[in-house]
>>> print(open('final-v9.cif').read())   # mmCIF, C-alpha atoms
data_target
loop_
_atom_site.label_atom_id
_atom_site.label_comp_id
_atom_site.auth_asym_id
_atom_site.auth_seq_id
_atom_site.Cartn_x
_atom_site.Cartn_y
_atom_site.Cartn_z
CA GLU A 1 7.46 0.11 -22.51
CA GLN A 2 5.92 1.43 -19.29
CA CYS A 3 8.61 -0.16 -17.12
CA ALA A 4 11.36 1.16 -19.36
CA PHE A 5 9.87 4.65 -19.21
CA LEU A 6 9.64 4.53 -15.40
CA GLY A 7 13.06 2.90 -15.04
CA ILE A 8 11.91 -0.18 -13.11
CA PRO A 9 12.62 -3.87 -13.83
CA LEU A 10 10.14 -6.27 -15.42
CA SER A 11 10.33 -10.05 -14.93
CA LEU A 12 8.24 -12.96 -16.19
CA ILE A 13 6.87 -15.82 -14.10
CA GLY A 14 5.01 -18.79 -15.56
CA GLY A 15 2.15 -20.67 -13.94
CA LYS A 16 -0.89 -22.82 -14.64
CA MET A 17 -4.37 -21.37 -14.58
CA VAL A 18 -7.18 -23.30 -12.88
CA LYS A 19 -9.69 -24.56 -15.39
CA ASP A 20 -13.19 -23.12 -14.98
CA LEU A 21 -12.08 -20.74 -12.20
CA ARG A 22 -11.59 -17.31 -13.73
CA GLY A 23 -8.50 -15.47 -12.52
CA LYS A 24 -7.28 -18.38 -10.37
CA TRP A 25 -3.90 -20.08 -10.57
CA GLU A 26 -2.65 -23.43 -9.30
CA GLY A 27 -0.96 -22.56 -6.02
CA LEU A 28 0.85 -24.80 -3.58
CA THR A 29 -2.30 -25.52 -1.56
CA GLY A 30 -5.02 -24.92 -4.13
CA PRO A 31 -6.46 -22.14 -6.32
CA VAL A 32 -5.01 -18.70 -5.59
CA SER A 33 -5.12 -15.23 -7.11
CA ALA A 34 -2.37 -13.99 -9.43
CA GLU A 35 -0.93 -11.88 -6.61
CA GLU A 36 -0.90 -14.80 -4.17
CA PHE A 37 0.73 -17.03 -6.79
CA VAL A 38 3.57 -14.56 -7.32
CA LEU A 39 4.00 -14.11 -3.57
CA GLU A 40 4.34 -17.91 -3.23
CA HIS A 41 7.16 -17.71 -5.77
CA PHE A 42 9.02 -15.20 -3.60
CA LYS A 43 8.24 -17.06 -0.37
CA ASN A 44 10.02 -20.07 -1.86
CA MET A 45 13.05 -17.77 -2.00
CA GLY A 46 12.66 -16.89 1.70
CA ALA A 47 10.47 -13.78 1.48
CA GLN A 48 7.96 -12.64 4.10
CA GLY A 49 5.12 -10.58 2.72
CA LEU A 50 1.51 -9.73 2.02
CA ALA A 51 -0.34 -9.86 -1.29
CA CYS A 52 -2.97 -7.36 -0.18
CA GLU A 53 -3.03 -5.04 -3.23
CA GLY A 54 -2.51 -2.01 -1.02
CA ASN A 55 -5.37 -2.82 1.37
CA ALA A 56 -3.10 -2.91 4.42
CA GLN A 57 -1.63 0.47 3.50
CA SER A 58 -5.15 1.84 2.92
CA ALA A 59 -6.18 0.60 6.38
CA TRP A 60 -3.22 2.43 7.93
CA GLN A 61 -4.09 5.49 5.88
CA MET A 62 -7.67 5.44 7.18
CA ALA A 63 -6.33 5.26 10.74
CA MET A 64 -4.02 8.21 10.05
CA HIS A 65 -6.90 10.17 8.53
CA SER A 66 -8.90 9.64 11.71
CA ARG A 67 -6.09 10.88 13.96
CA PHE A 68 -5.36 13.77 11.58
CA GLN A 69 -8.96 14.93 11.87
CA GLN A 70 -8.81 14.68 15.66
CA ARG A 71 -5.61 16.76 15.73
CA THR A 72 -6.58 19.46 13.24
CA GLY A 73 -10.37 19.41 12.91
CA LEU A 74 -9.88 19.16 9.15
CA MET A 75 -10.41 16.45 6.58
CA PRO A 76 -7.10 15.25 5.08
CA GLY A 77 -6.54 16.95 1.75
CA PHE A 78 -8.55 20.05 2.65
CA GLU A 79 -7.88 23.37 4.33
CA ARG A 80 -10.19 26.11 5.60
CA VAL A 81 -10.20 29.37 3.63
CA ASN A 82 -12.62 32.14 4.58
CA GLY A 83 -14.64 29.66 6.58
CA LYS A 84 -14.96 27.16 3.73
CA LEU A 85 -13.24 23.84 3.13
CA VAL A 86 -11.24 23.83 -0.10
CA PRO A 87 -8.71 21.35 -1.51
CA GLU A 88 -5.38 22.07 0.15
CA THR A 89 -2.13 22.82 -1.59
CA PRO A 90 0.31 20.06 -0.52
CA SER A 91 2.85 21.48 1.91
CA ASP A 92 5.57 20.47 4.36
CA GLU A 93 3.39 21.65 7.26
CA SER A 94 0.49 19.40 6.29
CA ALA A 95 2.80 16.46 5.61
CA LEU A 96 4.46 16.78 9.03
CA LEU A 97 1.07 16.90 10.75
CA TYR A 98 0.26 13.69 8.93
CA ILE A 99 3.43 12.11 10.34
CA ASP A 100 2.29 13.12 13.83
CA ALA A 101 -1.01 11.36 13.12
CA LEU A 102 0.89 8.20 12.13
CA ARG A 103 2.83 8.32 15.39
CA ASP A 104 -0.43 8.64 17.32
CA VAL A 105 -1.77 5.52 15.58
CA ARG A 106 1.45 3.62 16.25
CA VAL A 107 1.06 4.18 20.00
CA ASP A 108 -2.49 2.78 20.05
CA ILE A 109 -2.99 0.74 16.89
CA GLU A 110 -4.98 -1.96 18.70
CA GLY A 111 -7.38 0.61 20.10
CA GLU A 112 -7.76 2.24 16.69
CA TYR A 113 -8.44 -1.11 15.04
CA LYS A 114 -11.06 -2.14 17.59
CA SER A 115 -12.83 1.23 17.32
CA ARG A 116 -13.39 0.75 13.56
CA GLN A 117 -13.08 -3.00 13.19
CA ARG A 118 -16.02 -3.43 10.83
CA TYR A 119 -14.42 -0.95 8.41
CA TYR A 120 -11.10 -2.77 8.45
CA ASP A 121 -12.72 -6.21 8.21
CA LYS A 122 -15.38 -5.42 5.61
CA LEU A 123 -14.11 -2.43 3.64
CA TRP A 124 -10.40 -3.23 3.42
CA ARG A 125 -10.55 -6.97 4.28
CA VAL A 126 -7.55 -6.50 6.56
CA SER A 127 -7.09 -8.12 9.97
CA PHE A 128 -5.30 -6.62 12.93
CA GLU A 129 -2.50 -9.12 12.35
CA ASP A 130 -2.24 -7.98 8.70
CA MET A 131 -1.79 -4.37 9.83
CA ARG A 132 0.89 -5.36 12.34
CA THR A 133 2.68 -7.56 9.80
CA PHE A 134 2.59 -4.80 7.19
CA ALA A 135 4.18 -2.33 9.60
CA ASP A 136 6.82 -4.88 10.62
CA ILE A 137 7.73 -5.59 6.98
CA VAL A 138 7.96 -1.98 5.87
CA GLY A 139 9.40 -0.61 9.13
CA TRP A 140 8.36 2.57 10.94
CA GLU A 141 11.08 4.78 9.50
CA LEU A 142 10.09 3.97 5.93
CA LEU A 143 6.38 4.18 6.74
CA GLU A 144 6.92 7.74 7.96
CA LYS A 145 8.86 8.67 4.82
CA ILE A 146 6.16 7.22 2.57
CA ALA A 147 3.36 8.90 4.55
CA TYR A 148 5.20 12.21 4.22
CA MET A 149 5.55 11.78 0.44
CA PHE A 150 1.88 10.84 0.10
CA ARG A 151 0.80 14.10 1.68
CA ARG A 152 3.57 16.27 0.26
CA HIS A 153 2.78 15.28 -3.33
CA GLY A 154 -0.93 14.60 -2.99
CA VAL A 155 -0.62 10.98 -4.11
CA GLY A 156 -3.90 9.14 -3.57
CA GLY A 157 -3.20 5.48 -4.31
CA GLY A 158 -1.29 3.11 -6.53
CA TRP A 159 0.38 0.99 -3.81
CA PRO A 160 1.81 -2.21 -5.41
CA ASP A 161 0.13 -5.60 -5.05
CA ILE A 162 2.86 -7.23 -2.98
CA THR A 163 4.74 -5.76 -0.03
CA MET A 164 7.51 -8.04 1.18
CA ARG A 165 10.92 -8.35 2.79
CA LEU A 166 13.49 -10.51 1.03
CA ASN A 167 17.09 -10.97 2.15
CA GLY A 168 16.58 -8.17 4.66
CA ASN A 169 15.37 -5.69 2.04
CA VAL A 170 11.88 -4.24 1.58
CA ARG A 171 10.54 -4.86 -1.93
CA PHE A 172 7.36 -3.83 -3.71
CA VAL A 173 5.97 -5.82 -6.63
CA GLU A 174 3.14 -4.98 -9.00
CA VAL A 175 1.60 -8.07 -10.60
CA LYS A 176 0.22 -7.96 -14.12
CA VAL A 177 -1.41 -10.65 -16.25
CA LYS A 178 -2.84 -8.82 -19.25
CA ASP A 179 -3.47 -5.25 -18.11
CA ARG A 180 -1.07 -2.31 -18.07
CA LEU A 181 0.01 -0.03 -15.23
CA ARG A 182 -2.73 2.41 -14.27
CA GLY A 183 -2.05 6.11 -13.87
CA SER A 184 -2.12 5.93 -10.05
CA GLN A 185 0.38 3.07 -10.10
CA ALA A 186 2.74 4.96 -12.38
CA ARG A 187 2.46 8.06 -10.17
CA TRP A 188 3.28 5.96 -7.09
CA VAL A 189 6.47 4.82 -8.79
CA ARG A 190 7.35 8.32 -10.01
CA ASP A 191 6.42 10.34 -6.89
CA ILE A 192 7.01 7.84 -4.05
CA ALA A 193 9.25 4.95 -5.04
CA LYS A 194 11.83 6.69 -7.21
CA PRO A 195 12.51 9.70 -4.91
CA LEU A 196 12.85 7.37 -1.90
CA GLY A 197 14.99 4.85 -3.78
CA LEU A 198 12.56 2.00 -3.14
CA ASP A 199 12.99 -1.44 -4.68
CA VAL A 200 9.92 -1.68 -6.91
CA SER A 201 9.35 -3.94 -9.90
CA VAL A 202 6.66 -5.45 -12.10
CA VAL A 203 6.07 -9.19 -12.54
CA GLN A 204 4.25 -10.35 -15.64
CA LEU A 205 2.44 -13.63 -14.89
CA GLU A 206 2.02 -15.86 -17.93
CA ALA A 207 0.08 -19.08 -18.39
CA VAL A 208 2.26 -22.03 -19.40
#
>>> encode(input="final-v9.cif", output="structure tokens")
Amino acid sequence: EQCAFLGIPLSLIGGKMVKDLRGKWEGLTGPVSAEEFVLEHFKNMGAQGLACEGNAQSAWQMAMHSRFQQRTGLMPGFERVNGKLVPETPSDESALLYIDALRDVRVDIEGEYKSRQRYYDKLWRVSFEDMRTFADIVGWELLEKIAYMFRRHGVGGGWPDITMRLNGNVRFVEVKVKDRLRGSQARWVRDIAKPLGLDVSVVQLEAV
């Protein structure tokens, strides 16, 4: 019902759960998460991707936040009114400044990563190679468009579980076992994916 309402496809994939290991599935090389299992399915079709549940995007977003603060002296999502910080009204101006911050990070992503490595390693569990791979898969032009939409519409999360490239096309896949789409995930589809014409879908993983 949710997929039909949002106008995105839903597909079913079957797999075997690992006995006595909650939430683990029988992958090609051993127990894996539901997201990793589904990514293996697409890799067998020739896909390149990450099953990082949005962590790689969040790491990039943290880097952009840092550069945004350096450029403007403001926290992302806030503006100064009468000397006080208040939640900003999303605008083209703010979104374009955010794009400039992304371009700053692109020029010196290795330096940015090293300066906050413990945050990327511990908080987001993302390596430098993961961040580079993520950017290569999505592509800089699309990353800029998505970053713009994030700031323009005030979207705060909801990035799909799997980000991949298949047959030359960027695809985003949300993996579900028993739960439904959360509000942030539905908003990502409505405010980011649909306006940009992104290929986004939901895979329902079922035990067989």
>>> atom_distance(input="final-v9.cif", atom1="CA of Lys24 in chain A", atom2="CA of Val126 in chain A")
20.7 Å
>>> closest_residue(input="final-v9.cif", among="A:Glu35, A:Ile192, A:Leu143, A:Ser184", to="Glu53 in chain A", atoms="only C-alpha atoms")
A:Glu35
>>> closest_residue(input="final-v9.cif", among="A:Glu206, A:Ala63, A:Lys178, A:Gly83", to="Met17 in chain A", atoms="only C-alpha atoms")
A:Glu206
>>> closest_residue(input="final-v9.cif", among="A:Arg67, A:Arg106, A:Arg151, A:Arg187", to="Asp92 in chain A", atoms="only C-alpha atoms")
A:Arg151
>>> closest_residue(input="final-v9.cif", among="A:His153, A:Lys194, A:Arg118, A:Lys145", to="Ala59 in chain A", atoms="all atoms listed in the file")
A:Arg118
>>> residues_near_point(input="final-v9.cif", point="(-1.2, -5.5, 3.6)", cutoff="8 Å", atoms="all atoms listed in the file", output="PyMOL selection string")
chain A and resi 50-57+126+130-131+133-134+162-163
>>> write_last_selection(input="final-v9.cif", atoms="C-alpha atoms", output="PDB file, keeping the file's coordinate frame")
ATOM      1  CA  LEU A  50       1.510  -9.730   2.020  1.00  0.00           C
ATOM      2  CA  ALA A  51      -0.340  -9.860  -1.290  1.00  0.00           C
ATOM      3  CA  CYS A  52      -2.970  -7.360  -0.180  1.00  0.00           C
ATOM      4  CA  GLU A  53      -3.030  -5.040  -3.230  1.00  0.00           C
ATOM      5  CA  GLY A  54      -2.510  -2.010  -1.020  1.00  0.00           C
ATOM      6  CA  ASN A  55      -5.370  -2.820   1.370  1.00  0.00           C
ATOM      7  CA  ALA A  56      -3.100  -2.910   4.420  1.00  0.00           C
ATOM      8  CA  GLN A  57      -1.630   0.470   3.500  1.00  0.00           C
ATOM      9  CA  VAL A 126      -7.550  -6.500   6.560  1.00  0.00           C
ATOM     10  CA  ASP A 130      -2.240  -7.980   8.700  1.00  0.00           C
ATOM     11  CA  MET A 131      -1.790  -4.370   9.830  1.00  0.00           C
ATOM     12  CA  THR A 133       2.680  -7.560   9.800  1.00  0.00           C
ATOM     13  CA  PHE A 134       2.590  -4.800   7.190  1.00  0.00           C
ATOM     14  CA  ILE A 162       2.860  -7.230  -2.980  1.00  0.00           C
ATOM     15  CA  THR A 163       4.740  -5.760  -0.030  1.00  0.00           C
TER      16      THR A 163
END
>>> resolve_selection(input="final-v9.cif", expression="the PyMOL selection byres ((chain A and resi 48) around 6)", output="list in words")
Ala47, Gly49, Met164 and Arg165 of chain A
>>> atom_distance(input="final-v9.cif", atom1="CA of Leu142 in chain A", atom2="CA of Val170 in chain A")
9.5 Å
>>> resolve_selection(input="final-v9.cif", expression="the PyMOL selection byres ((chain A and resi 76) around 12)", output="PyMOL selection string")
chain A and resi 61-75+77-80+85-90+94-95+97-98+101+150-152+154+156
>>> write_last_selection(input="final-v9.cif", atoms="C-alpha atoms", output="compact mmCIF listing (two decimals), in the frame of the given file")
# COMPACT_ATOMS: atom_id res chain seq x y z
CA GLN A 61 -4.09 5.49 5.88
CA MET A 62 -7.67 5.44 7.18
CA ALA A 63 -6.33 5.26 10.74
CA MET A 64 -4.02 8.21 10.05
CA HIS A 65 -6.90 10.17 8.53
CA SER A 66 -8.90 9.64 11.71
CA ARG A 67 -6.09 10.88 13.96
CA PHE A 68 -5.36 13.77 11.58
CA GLN A 69 -8.96 14.93 11.87
CA GLN A 70 -8.81 14.68 15.66
CA ARG A 71 -5.61 16.76 15.73
CA THR A 72 -6.58 19.46 13.24
CA GLY A 73 -10.37 19.41 12.91
CA LEU A 74 -9.88 19.16 9.15
CA MET A 75 -10.41 16.45 6.58
CA GLY A 77 -6.54 16.95 1.75
CA PHE A 78 -8.55 20.05 2.65
CA GLU A 79 -7.88 23.37 4.33
CA ARG A 80 -10.19 26.11 5.60
CA LEU A 85 -13.24 23.84 3.13
CA VAL A 86 -11.24 23.83 -0.10
CA PRO A 87 -8.71 21.35 -1.51
CA GLU A 88 -5.38 22.07 0.15
CA THR A 89 -2.13 22.82 -1.59
CA PRO A 90 0.31 20.06 -0.52
CA SER A 94 0.49 19.40 6.29
CA ALA A 95 2.80 16.46 5.61
CA LEU A 97 1.07 16.90 10.75
CA TYR A 98 0.26 13.69 8.93
CA ALA A 101 -1.01 11.36 13.12
CA PHE A 150 1.88 10.84 0.10
CA ARG A 151 0.80 14.10 1.68
CA ARG A 152 3.57 16.27 0.26
CA GLY A 154 -0.93 14.60 -2.99
CA GLY A 156 -3.90 9.14 -3.57
>>> atom_distance(input="final-v9.cif", atom1="CA of Gln117 in chain A", atom2="CA of Ser33 in chain A")
25.0 Å
>>> closest_residue(input="final-v9.cif", among="A:Leu196, A:Val208, A:Leu28, A:Val189", to="Cys3 in chain A", atoms="all atoms listed in the file")
A:Val189
>>> residues_around(input="final-v9.cif", residues="Val177 in chain A", least_positions_apart="4", cutoff="12 Å", atoms="all atoms listed in the file", output="ChimeraX atom specification")
/A:11-15,17,23-25,33-35,37-38,181,202-207
>>> resolve_selection(input="final-v9.cif", expression="the PyMOL selection byres ((chain A and resi 1) around 12)", output="list of chain:residue names")
A:Gln2, A:Cys3, A:Ala4, A:Phe5, A:Leu6, A:Gly7, A:Ile8, A:Pro9, A:Leu10, A:Arg180, A:Leu181, A:Val202
>>> closest_residue(input="final-v9.cif", among="A:Val200, A:Val175, A:Val155, A:Leu39", to="Trp188 in chain A", atoms="all atoms listed in the file")
A:Val155
>>> axis_aligned_box(input="final-v9.cif", around="range 67-83 of chain A", padding_each_side="8 Å", output="JSON")
{"center_x": -10.0, "center_y": 21.5, "center_z": 8.7, "size_x": 25.3, "size_y": 37.3, "size_z": 30.0}
